[in-house]
Amino acid sequence: MKRSEQRAAVHLDADAFFVGCEVASEPRLRGKAVAVGGMKRGIIASASYEARRLGIYTPMPTARALKICPHLIVLPGDYEKYEHFSRMMFSLVHDYTPHVEVGSIDEGYGDLSGVTKWSPRTAAERLRQNIRDHLRISVSQGLGANKLVASVASKLRKPDNFLEVPAGMEREFLAPLEVKWLPGVGAKMERVFQAAGLHHIAQVAETTPESLELIAGSAAGQLHDFALGIDERPIVTERADAQSYGKQETFDEDTTDEDFVRRILRGMADHLMAKVRADGKTIRCVEVRLRYNDMEQSRRSESLDEPTDLETDVYGVDRPLGETRVGPTGQSAFGRTKTIARLQRQRMASSRTRFAGNGI
Ligand SMILES: [Mg+2]
């Protein structure tokens with residue numbers, strides 16, 4: 001069995017987020033031309049898709065928006081509300097993986113590579129449904145082998161869409177798209193590309209990095225990789241310490257003793273869950289990582305049905321160990337095993353309950 005990791009990155013991007021939060025809080029707004037924006041000399045910060053169909057876009061001066069669409073409902077921004085929704089949304093992502101990168105208030109990445117309970121696709125779809133059920137906002141999602149294709153996929157067919165880029169199809173997926181889809185290609189760079197006859201990503205991929213450097217300068221190497229669908233950027237979990245409990249151990253000698261490794265894991269679970277209880281927290285997502293003597297790594301994470309602060313609830317998560325222990329030679333090969341049990345606390349479980357109780 002191949003132990004090397006297949007990456008599965010999901011990118012979430014909430015649709016018309018500020019307006020989505022307002023509509024979730026006031027269902028009578030649903031289906032209407034609604035915008036969030038400043039009234040006097042302000043601009044529109046977010047517009048419902050109904051409003052967009054009438055010609056409203058962001059950023060547009062509010063006065064002009066009201067001229068185009070006199071019945072547009074313009075609400076003042078309530079940033080505390082949006083931050084609350086944002087925290088709730090990312091908390092739901094944490095139910096599936098401890099590796100969450102918050103990009104901005106309404107978009108971010110989750111690394112679903114270690115999820116064992118479901119396929120990455122199923123996990124992503126469940127997550128999207130969870131967000132819809134709990135928060136009543138819609139998000140668009142892209143799933144792929146790296147951050148680049150995941151983020152392009154999430155934005156390509158908004159709103160309320162899910163798009164998976166099959167592994168190995170990154171270059172083909174990007175090829176027909178306009179160059180503006182490449183990260184770092186803004187309006188100015190796009191004009192430079194077009195002047196050079198490069199309209200689609202396929203053309204950037206076919207240009208040599210040397211020629212590309214004449215057009216794009218020092219960004220050329222990175223842009224060429226992107227055009228080929230290559231993106232090694234990791235999903236960077238911020239404030240990891242605040243969101244998870246972890247412990248790791250490297251053995252002095254190689255071992256192939258599965259029971260020994262399992263005992264170590266249980267010891268780690270006992271130690272970490274005592275900390276979780278002492279902090280008055282609960283955890284929901286458990287991840288076990290094994291590193292072998294050849295530095296290859298396997299990762300398994302599991303989302304529990306209910307948040308817990310009991311070690312006995314997380315003992316079962318070491319079960320998939322048996323599937324990963326067989327090396328290419330057919331022997332058990334934990335080798336110089338580094339084990340990381342990362343226990344991620346369930347954030348804001350109580351506030352979510354309160355939230356649901358409000359009927360928002
Ligand atoms: Mg968005």
# chains A, B, ... in the order shown; residues from 1 in each chain; ligands from 1
call {"tool": "residues_near_ligand", "arguments": {"ligand": "ligand 1", "cutoff": "10 Å", "atoms": "only C-alpha atoms and all ligand atoms", "output": "list in words"}}
result
Leu12, Asp13, Ala14, Asp15, Ala16, Phe17, Phe18, Gly20, Ser46, Ser104, Ile105, Asp106, Glu107, Gly108, Ser138, Val139, Ser140, Ser154, Lys155, Lys158 and Pro159 of chain A
call {"tool": "write_last_selection", "arguments": {"atoms": "C-alpha atoms", "output": "PDB file, in the first residue's frame"}}
result
ATOM      1  CA  LEU A  12     -14.722  27.468   0.867  1.00  0.00           C
ATOM      2  CA  ASP A  13     -15.981  30.798  -0.272  1.00  0.00           C
ATOM      3  CA  ALA A  14     -19.234  32.091   1.197  1.00  0.00           C
ATOM      4  CA  ASP A  15     -21.601  33.572  -1.386  1.00  0.00           C
ATOM      5  CA  ALA A  16     -22.347  37.291  -0.917  1.00  0.00           C
ATOM      6  CA  PHE A  17     -21.301  36.750   2.685  1.00  0.00           C
ATOM      7  CA  PHE A  18     -22.446  39.941   4.454  1.00  0.00           C
ATOM      8  CA  GLY A  20     -25.997  36.094   3.404  1.00  0.00           C
ATOM      9  CA  SER A  46     -21.940  43.100  -0.544  1.00  0.00           C
ATOM     10  CA  SER A 104     -10.405  36.129   5.157  1.00  0.00           C
ATOM     11  CA  ILE A 105     -13.699  36.578   6.968  1.00  0.00           C
ATOM     12  CA  ASP A 106     -15.574  34.506   4.378  1.00  0.00           C
ATOM     13  CA  GLU A 107     -13.075  32.208   2.746  1.00  0.00           C
ATOM     14  CA  GLY A 108     -10.465  29.673   3.679  1.00  0.00           C
ATOM     15  CA  SER A 138     -24.576  29.263   1.170  1.00  0.00           C
ATOM     16  CA  VAL A 139     -20.949  28.637   0.335  1.00  0.00           C
ATOM     17  CA  SER A 140     -19.264  27.573  -2.870  1.00  0.00           C
ATOM     18  CA  SER A 154     -14.801  27.325  -5.721  1.00  0.00           C
ATOM     19  CA  LYS A 155     -15.046  30.647  -7.532  1.00  0.00           C
ATOM     20  CA  LYS A 158     -20.635  30.731  -7.893  1.00  0.00           C
ATOM     21  CA  PRO A 159     -23.013  30.833  -6.120  1.00  0.00           C
TER      22      PRO A 159
END
call {"tool": "residues_around", "arguments": {"residues": "Arg121 (chain A)", "least_positions_apart": "5", "cutoff": "9 Å", "atoms": "only C-alpha atoms", "output": "ChimeraX atom specification"}}
result
/A:8,10,112,126,143,164
call {"tool": "closest_residue", "arguments": {"among": "A:Ala145, A:Val204, A:Ile43, A:Ala33", "to": "His71 (chain A)", "atoms": "only C-alpha atoms"}}
result
A:Ala33
call {"tool": "residues_around", "arguments": {"residues": "Asp313 (chain A)", "least_positions_apart": "6", "cutoff": "10 Å", "atoms": "only C-alpha atoms", "output": "PyMOL selection string"}}
result
chain A and resi 269+273+284+304-307
call {"tool": "write_last_selection", "arguments": {"atoms": "C-alpha atoms", "output": "tab-separated table (two decimals), in the first residue's frame"}}
result
chain	number	residue	atom	x	y	z
A	269	ALA	CA	-4.70	10.21	24.40
A	273	MET	CA	-7.58	14.45	27.24
A	284	ARG	CA	-14.34	16.59	18.15
A	304	LEU	CA	-16.39	12.01	16.37
A	305	ASP	CA	-20.19	11.94	16.38
A	306	GLU	CA	-20.30	14.07	19.52
A	307	PRO	CA	-17.79	16.42	21.16
call {"tool": "residues_around", "arguments": {"residues": "Cys69 (chain A)", "least_positions_apart": "6", "cutoff": "9 Å", "atoms": "only C-alpha atoms", "output": "PDB file with C-alpha atoms, in the first residue's frame"}}
result
ATOM      1  CA  ALA A  33     -32.469  42.699  -3.912  1.00  0.00           C
ATOM      2  CA  ALA A  51     -29.391  42.624  -6.708  1.00  0.00           C
ATOM      3  CA  LEU A  54     -30.250  44.076 -11.570  1.00  0.00           C
ATOM      4  CA  GLY A  55     -26.822  45.559 -12.189  1.00  0.00           C
ATOM      5  CA  ILE A  56     -25.553  46.111  -8.671  1.00  0.00           C
TER       6      ILE A  56
END
call {"tool": "select_by_dssp", "arguments": {"residues": "region 94-314 of chain A", "states": "alpha helix (DSSP H)", "output": "NGL selection string"}}
result
:A and (94 or 120-135 or 147-156 or 170-174 or 187-195 or 201-206 or 209-216 or 220-227 or 240-243 or 258-278 or 311-314)
call {"tool": "closest_residue", "arguments": {"among": "A:Arg132, A:Lys147, A:Arg41, A:Arg30", "to": "Arg233 (chain A)", "atoms": "only C-alpha atoms"}}
result
A:Lys147
call {"tool": "closest_residue", "arguments": {"among": "A:Ser211, A:Ser244, A:Ser301, A:Gln141", "to": "Ile283 (chain A)", "atoms": "only C-alpha atoms"}}
result
A:Ser244
call {"tool": "residues_around", "arguments": {"residues": "region 213-227 of chain A", "least_positions_apart": "5", "cutoff": "8 Å", "atoms": "only C-alpha atoms", "output": "JSON list (two decimals) with N, CA and C atoms, in the first residue's frame"}}
result
[["chain", "number", "residue", "atom", "x", "y", "z"],
["A", 148, "LEU", "N", -4.41, 26.02, -5.24],
["A", 148, "LEU", "CA", -4.71, 26.77, -6.46],
["A", 148, "LEU", "C", -5.98, 26.26, -7.14],
["A", 171, "ARG", "N", -3.74, 20.66, -14.65],
["A", 171, "ARG", "CA", -3.35, 21.48, -15.80],
["A", 171, "ARG", "C", -4.52, 21.61, -16.79],
["A", 174, "LEU", "N", -7.20, 24.05, -15.64],
["A", 174, "LEU", "CA", -6.86, 25.47, -15.72],
["A", 174, "LEU", "C", -6.71, 25.96, -17.16],
["A", 175, "ALA", "N", -6.29, 25.05, -18.05],
["A", 175, "ALA", "CA", -5.88, 25.43, -19.41],
["A", 175, "ALA", "C", -6.83, 26.41, -20.13],
["A", 182, "LEU", "N", -5.16, 33.21, -12.59],
["A", 182, "LEU", "CA", -3.92, 32.85, -11.89],
["A", 182, "LEU", "C", -3.70, 33.80, -10.73],
["A", 183, "PRO", "N", -3.38, 33.28, -9.53],
["A", 183, "PRO", "CA", -3.14, 34.17, -8.39],
["A", 183, "PRO", "C", -1.98, 35.11, -8.72],
["A", 184, "GLY", "N", -2.15, 36.36, -8.42],
["A", 184, "GLY", "CA", -1.10, 37.35, -8.68],
["A", 184, "GLY", "C", -1.28, 38.09, -10.00],
["A", 189, "MET", "N", -1.48, 43.32, -14.71],
["A", 189, "MET", "CA", -0.72, 42.18, -15.26],
["A", 189, "MET", "C", -1.51, 41.50, -16.38],
["A", 192, "VAL", "N", -0.88, 43.25, -19.53],
["A", 192, "VAL", "CA", 0.47, 42.94, -20.03],
["A", 192, "VAL", "C", 0.47, 41.57, -20.72],
["A", 193, "PHE", "N", -0.19, 40.62, -20.10],
["A", 193, "PHE", "CA", -0.28, 39.27, -20.68],
["A", 193, "PHE", "C", -0.99, 39.32, -22.03],
["A", 196, "ALA", "N", 0.95, 40.58, -24.80],
["A", 196, "ALA", "CA", 1.94, 39.60, -25.25],
["A", 196, "ALA", "C", 1.28, 38.42, -25.95],
["A", 201, "ILE", "N", -4.74, 30.37, -19.80],
["A", 201, "ILE", "CA", -3.69, 29.78, -18.96],
["A", 201, "ILE", "C", -2.86, 28.76, -19.75],
["A", 202, "ALA", "N", -3.50, 28.06, -20.69],
["A", 202, "ALA", "CA", -2.77, 27.09, -21.51],
["A", 202, "ALA", "C", -1.59, 27.76, -22.20],
["A", 204, "VAL", "N", 0.08, 30.38, -21.18],
["A", 204, "VAL", "CA", 1.12, 30.67, -20.19],
["A", 204, "VAL", "C", 1.92, 29.40, -19.91],
["A", 205, "ALA", "N", 1.21, 28.27, -19.83],
["A", 205, "ALA", "CA", 1.87, 26.99, -19.56],
["A", 205, "ALA", "C", 2.85, 26.63, -20.68],
["A", 207, "THR", "N", 4.48, 28.76, -22.59],
["A", 207, "THR", "CA", 5.57, 29.74, -22.70],
["A", 207, "THR", "C", 6.74, 29.29, -21.83]]
call {"tool": "atom_distance", "arguments": {"atom1": "CA of Leu163 (chain A)", "atom2": "CA of Trp181 (chain A)"}}
result
15.6 Å
call {"tool": "residues_around", "arguments": {"residues": "Thr97 (chain A)", "least_positions_apart": "2", "cutoff": "9 Å", "atoms": "only C-alpha atoms", "output": "list in words"}}
result
Val93, His94, Asp95, His99, Val100, Gly110, Asp111, Leu112, Ser113, Gly114, Val115, Cys285, Val286, Glu287, Ser301, Glu302, Ser303 and Gln344 of chain A
call {"tool": "write_last_selection", "arguments": {"atoms": "N, CA and C atoms", "output": "compact mmCIF listing (two decimals), in the first residue's frame"}}
result
# COMPACT_ATOMS: atom_id res chain seq x y z
N VAL A 93 -15.74 23.75 9.86
CA VAL A 93 -14.65 23.13 9.09
C VAL A 93 -13.76 22.33 10.04
N HIS A 94 -13.56 22.87 11.25
CA HIS A 94 -12.74 22.16 12.25
C HIS A 94 -13.34 20.83 12.67
N ASP A 95 -14.61 20.63 12.44
CA ASP A 95 -15.21 19.34 12.75
C ASP A 95 -14.64 18.24 11.86
N HIS A 99 -6.65 21.04 10.23
CA HIS A 99 -5.84 21.88 9.36
C HIS A 99 -6.73 22.84 8.59
N VAL A 100 -6.92 24.01 9.14
CA VAL A 100 -7.81 25.00 8.57
C VAL A 100 -7.05 26.31 8.40
N GLY A 110 -9.45 24.00 3.96
CA GLY A 110 -9.34 22.90 4.90
C GLY A 110 -8.60 21.77 4.21
N ASP A 111 -7.71 21.11 4.95
CA ASP A 111 -6.98 19.98 4.39
C ASP A 111 -7.73 18.70 4.78
N LEU A 112 -8.33 18.05 3.79
CA LEU A 112 -9.14 16.86 4.07
C LEU A 112 -8.35 15.57 3.81
N SER A 113 -7.03 15.70 3.60
CA SER A 113 -6.23 14.53 3.24
C SER A 113 -6.31 13.41 4.27
N GLY A 114 -6.41 13.77 5.53
CA GLY A 114 -6.36 12.75 6.57
C GLY A 114 -7.70 12.19 6.98
N VAL A 115 -8.77 12.65 6.38
CA VAL A 115 -10.10 12.19 6.79
C VAL A 115 -10.30 10.75 6.33
N CYS A 285 -12.39 16.42 16.72
CA CYS A 285 -11.64 15.85 15.61
C CYS A 285 -10.32 15.30 16.14
N VAL A 286 -10.00 14.08 15.79
CA VAL A 286 -8.79 13.44 16.28
C VAL A 286 -7.93 13.05 15.09
N GLU A 287 -6.67 13.36 15.20
CA GLU A 287 -5.78 12.99 14.10
C GLU A 287 -4.58 12.21 14.63
N SER A 301 -7.41 11.08 10.19
CA SER A 301 -8.17 11.89 11.14
C SER A 301 -9.62 11.47 11.10
N GLU A 302 -10.25 11.65 12.23
CA GLU A 302 -11.64 11.20 12.34
C GLU A 302 -12.43 12.22 13.14
N SER A 303 -13.63 12.46 12.67
CA SER A 303 -14.52 13.37 13.35
C SER A 303 -15.48 12.54 14.19
N GLN A 344 -8.19 18.04 18.49
CA GLN A 344 -8.66 19.39 18.27
C GLN A 344 -9.92 19.64 19.07
call {"tool": "select_by_dssp", "arguments": {"residues": "region 79-319 of chain A", "states": "strand (DSSP E)", "output": "NGL selection string"}}
result
:A and (100-104 or 107-111 or 139-144 or 162-164 or 244-250 or 283-291 or 297-308)
